[in-house]
Amino acid sequence: MTGGRGGLRVLVFGRYADENFGGVERYVFQLACALHGQVQFVNIVARRGPPPDTVTGSEAVYASPIAHLGGAPICPSMPLHALRLHRARAFDIVHLQFPADPMAHLAAVALPPTVKRVITWHSDIVRQRALLRLYEPFLERLLRSADAIILPTPAHYSSSRQLPRWASREKMRVVPFGLDYGRFMQRPALADELRRRYGGRFLIFALGRHVYYKGFEFLIRSMRELGDARLIIGGHGPLTESLVALARDQGVHERVDLVGRIPETELPAYYHACDVFCMPSDSGAEAFGLVQIEAMACGRPVVCCDLNNGVTWVNRDEETGVVVSPADTGALTSALKRLRGNAELRGRLGRQAKERALTRFSSEAMARGTLGVYREVLAQQGVGGLASA
């Protein structure tokens with residue numbers, strides 16, 4: 001059975017489906033939108049807040065968490081939801097994310113073996129090492145049962161310490177993450193308004209959840225040496241108040257604006273308004289950075305940190321942006337000073353960044369590659385080697 005008249009039927013676990021989504025959620029939303037009409041997605045997620053202001057392209061089924069462990073929701077009802085939905089839909093494939101809710105992985109194991117298993121490996125587990133040791137036996141079983149493991153870059157395999165080398169490379173498929181750039185192509189009027197609001201100064205933009213690995217504290221500290229430059233940080237999270245306090249302590253609070261969550265409809269304006277986009281993440285928990293390709297699509301050079309993973313496979317040093325050492329305020333400051341003082345360099349890097357985003361990281365390419373993986377596992381084809389779908 002391969003989906004029938006309505007296309008393939010895929011049960012996906014996307015962690016959350018609310019307005020405070022991160023990279024995992026954005027990937028699931030974009031994939032569902034890109035494959036709408038070809039794949040019927042049902043997305044089991046933990047209930048946390050109101051739905052996002054984006055079209056997900058999938059049916060969302062909410063499970064209530066009873067706790068959070070290592071940042072992941074614990075929803076014991078997920079296996080029951082999965083079995084109930086499978087009886088009604090007869091899924092062809094269950095598509096898991098890693099890292100993710102352990103209950104989602106348990107739900108996948110509970111499904112009949114006739115349901116093919118695909119895992120997208122977003123990153124290693126970096127912070128919760130003690131929990132990982134407890135989870136490793138179950139993770140090994142899950143990886144052995146997987147029919148395919150999708151990696152967004154080749155560097156996800158070469159840099160991983162948790163993808164076991166026995167996890168047969170023949171299961172690995174490289175399918176880069178991609179986005180629909182339609183809304184990023186035109187410069188919105190709000191971008192000019194933002195330029196006026198910040199006095200036409202050199203404008204740095206950063207975006208992401210305010211959590212430990214994003215490195216925003218180093219970016220705020222760098223502002224002490226950047227004269228009259230302005231910094232906008234979008235998003236919010238558990239570290240928001242401490243970031244506000246840091247800006248005040250560093251004496252840069254008048255030039256650092258933490259604007260909170262930016263509505264999706266307004267986000268392109270911030271990319272177009274800025275001179276440079278900065279993603280100062282300092283931990284391997286950041287392994288790709290979808291915000292990088294959004295900025296690149298708007299023709300903006302990106303400053304990021306060398307994390308020895310997919311981040312710098314996306315943003316290439318001296319080609320689409322500048323790469324610096326992680327957790328290094330001095331290196332970050334030097335890179336931003338260099339870009340501030342060289343408009344020609346910013347323009348060249350920005351043009352090359354846009355070309356790379358549009359040709360390498362499109363939603364169409366991601367959809368085509370993922371659909372190829374789905375069809376391959378359903379056909380039970382065995383292909384050796386680390387391949388690109």
# chains A, B, ... in the order shown; residues from 1 in each chain; ligands from 1
>>> residues_around(residues="segment 298-311 of chain A", least_positions_apart="6", cutoff="8 Å", atoms="only C-alpha atoms", output="PyMOL selection string")
chain A and resi 152-156+158-159+184-185+268+271-272+274-284+286-289+292+320-326+332+335-336+346-347+349-354
>>> residues_around(residues="Gly260 of chain A", least_positions_apart="4", cutoff="10 Å", atoms="only C-alpha atoms", output="short mmCIF file (atom, residue, chain, number, x, y, z; two decimals) with C-alpha atoms, in the first residue's frame")
data_model
loop_
_atom_site.label_atom_id
_atom_site.label_comp_id
_atom_site.auth_asym_id
_atom_site.auth_seq_id
_atom_site.Cartn_x
_atom_site.Cartn_y
_atom_site.Cartn_z
CA LEU A 207 16.85 36.38 15.51
CA GLY A 208 16.09 33.29 17.54
CA ARG A 209 14.82 31.88 20.78
CA HIS A 210 16.61 33.36 23.75
CA ILE A 232 17.96 44.43 16.76
CA ILE A 233 17.39 41.05 18.41
CA GLY A 234 14.09 39.35 17.61
CA GLY A 235 12.49 36.48 19.51
CA HIS A 236 12.09 35.74 23.19
CA GLY A 237 12.74 32.99 25.68
CA THR A 240 15.28 37.53 27.59
#
>>> closest_residue(among="A:Val12, A:Ile293, A:Ala229, A:Leu345", to="Thr359 of chain A", atoms="only C-alpha atoms")
A:Ile293
>>> residues_around(residues="Glu59 of chain A", least_positions_apart="3", cutoff="7 Å", atoms="only C-alpha atoms", output="PyMOL selection string")
chain A and resi 41-43
>>> closest_residue(among="A:Leu83, A:Val28, A:Leu179, A:Ala110", to="Glu364 of chain A", atoms="only C-alpha atoms")
A:Leu179
>>> select_by_dssp(residues="segment 160-229 of chain A", states="alpha helix (DSSP H)", output="list in words")
Ala189, Leu190, Ala191, Asp192, Glu193, Leu194, Arg195, Arg196, Arg197, Phe216, Glu217, Phe218, Leu219, Ile220, Arg221 and Ser222 of chain A
>>> select_by_dssp(residues="segment 213-307 of chain A", states="strand (DSSP E)", output="JSON, numbers by chain")
{"A": [230, 231, 232, 233, 234, 256, 257, 258, 259, 260, 276, 277, 278, 279, 302, 303, 304, 305]}
>>> write_last_selection(atoms="N, CA and C atoms", output="compact mmCIF listing (two decimals), in the first residue's frame")
# COMPACT_ATOMS: atom_id res chain seq x y z
N ARG A 230 23.60 49.95 15.46
CA ARG A 230 22.39 49.54 16.17
C ARG A 230 22.21 48.03 16.01
N LEU A 231 21.67 47.40 17.05
CA LEU A 231 21.43 45.96 17.05
C LEU A 231 19.97 45.69 17.37
N ILE A 232 19.33 44.91 16.51
CA ILE A 232 17.96 44.43 16.76
C ILE A 232 18.05 42.93 17.02
N ILE A 233 17.48 42.48 18.12
CA ILE A 233 17.39 41.05 18.41
C ILE A 233 15.92 40.68 18.50
N GLY A 234 15.47 39.81 17.59
CA GLY A 234 14.09 39.35 17.61
C GLY A 234 13.96 38.04 18.37
N VAL A 256 20.74 48.76 21.62
CA VAL A 256 20.31 47.36 21.49
C VAL A 256 18.82 47.30 21.73
N ASP A 257 18.10 46.79 20.76
CA ASP A 257 16.64 46.74 20.84
C ASP A 257 16.17 45.29 20.78
N LEU A 258 15.70 44.76 21.90
CA LEU A 258 15.11 43.43 21.93
C LEU A 258 13.63 43.60 21.66
N VAL A 259 13.20 43.25 20.46
CA VAL A 259 11.86 43.60 19.98
C VAL A 259 10.83 42.51 20.22
N GLY A 260 11.23 41.37 20.80
CA GLY A 260 10.28 40.28 21.03
C GLY A 260 9.99 39.51 19.76
N VAL A 276 23.74 43.68 8.06
CA VAL A 276 24.36 42.39 8.32
C VAL A 276 23.44 41.57 9.21
N PHE A 277 23.33 40.28 8.93
CA PHE A 277 22.63 39.37 9.83
C PHE A 277 23.67 38.59 10.62
N CYS A 278 23.44 38.44 11.91
CA CYS A 278 24.41 37.74 12.76
C CYS A 278 23.72 36.60 13.50
N MET A 279 24.31 35.42 13.40
CA MET A 279 23.85 34.27 14.17
C MET A 279 25.03 33.79 15.04
N VAL A 302 26.07 37.08 6.18
CA VAL A 302 25.81 36.47 7.48
C VAL A 302 27.13 36.33 8.24
N VAL A 303 27.11 36.70 9.51
CA VAL A 303 28.22 36.41 10.41
C VAL A 303 27.77 35.29 11.34
N CYS A 304 28.52 34.19 11.35
CA CYS A 304 28.19 33.07 12.21
C CYS A 304 29.47 32.53 12.83
N CYS A 305 29.33 31.52 13.68
CA CYS A 305 30.47 30.92 14.36
C CYS A 305 30.82 29.56 13.77
>>> closest_residue(among="A:Ile125, A:Ala60, A:Val10, A:Val377", to="Val94 of chain A", atoms="only C-alpha atoms")
A:Val10
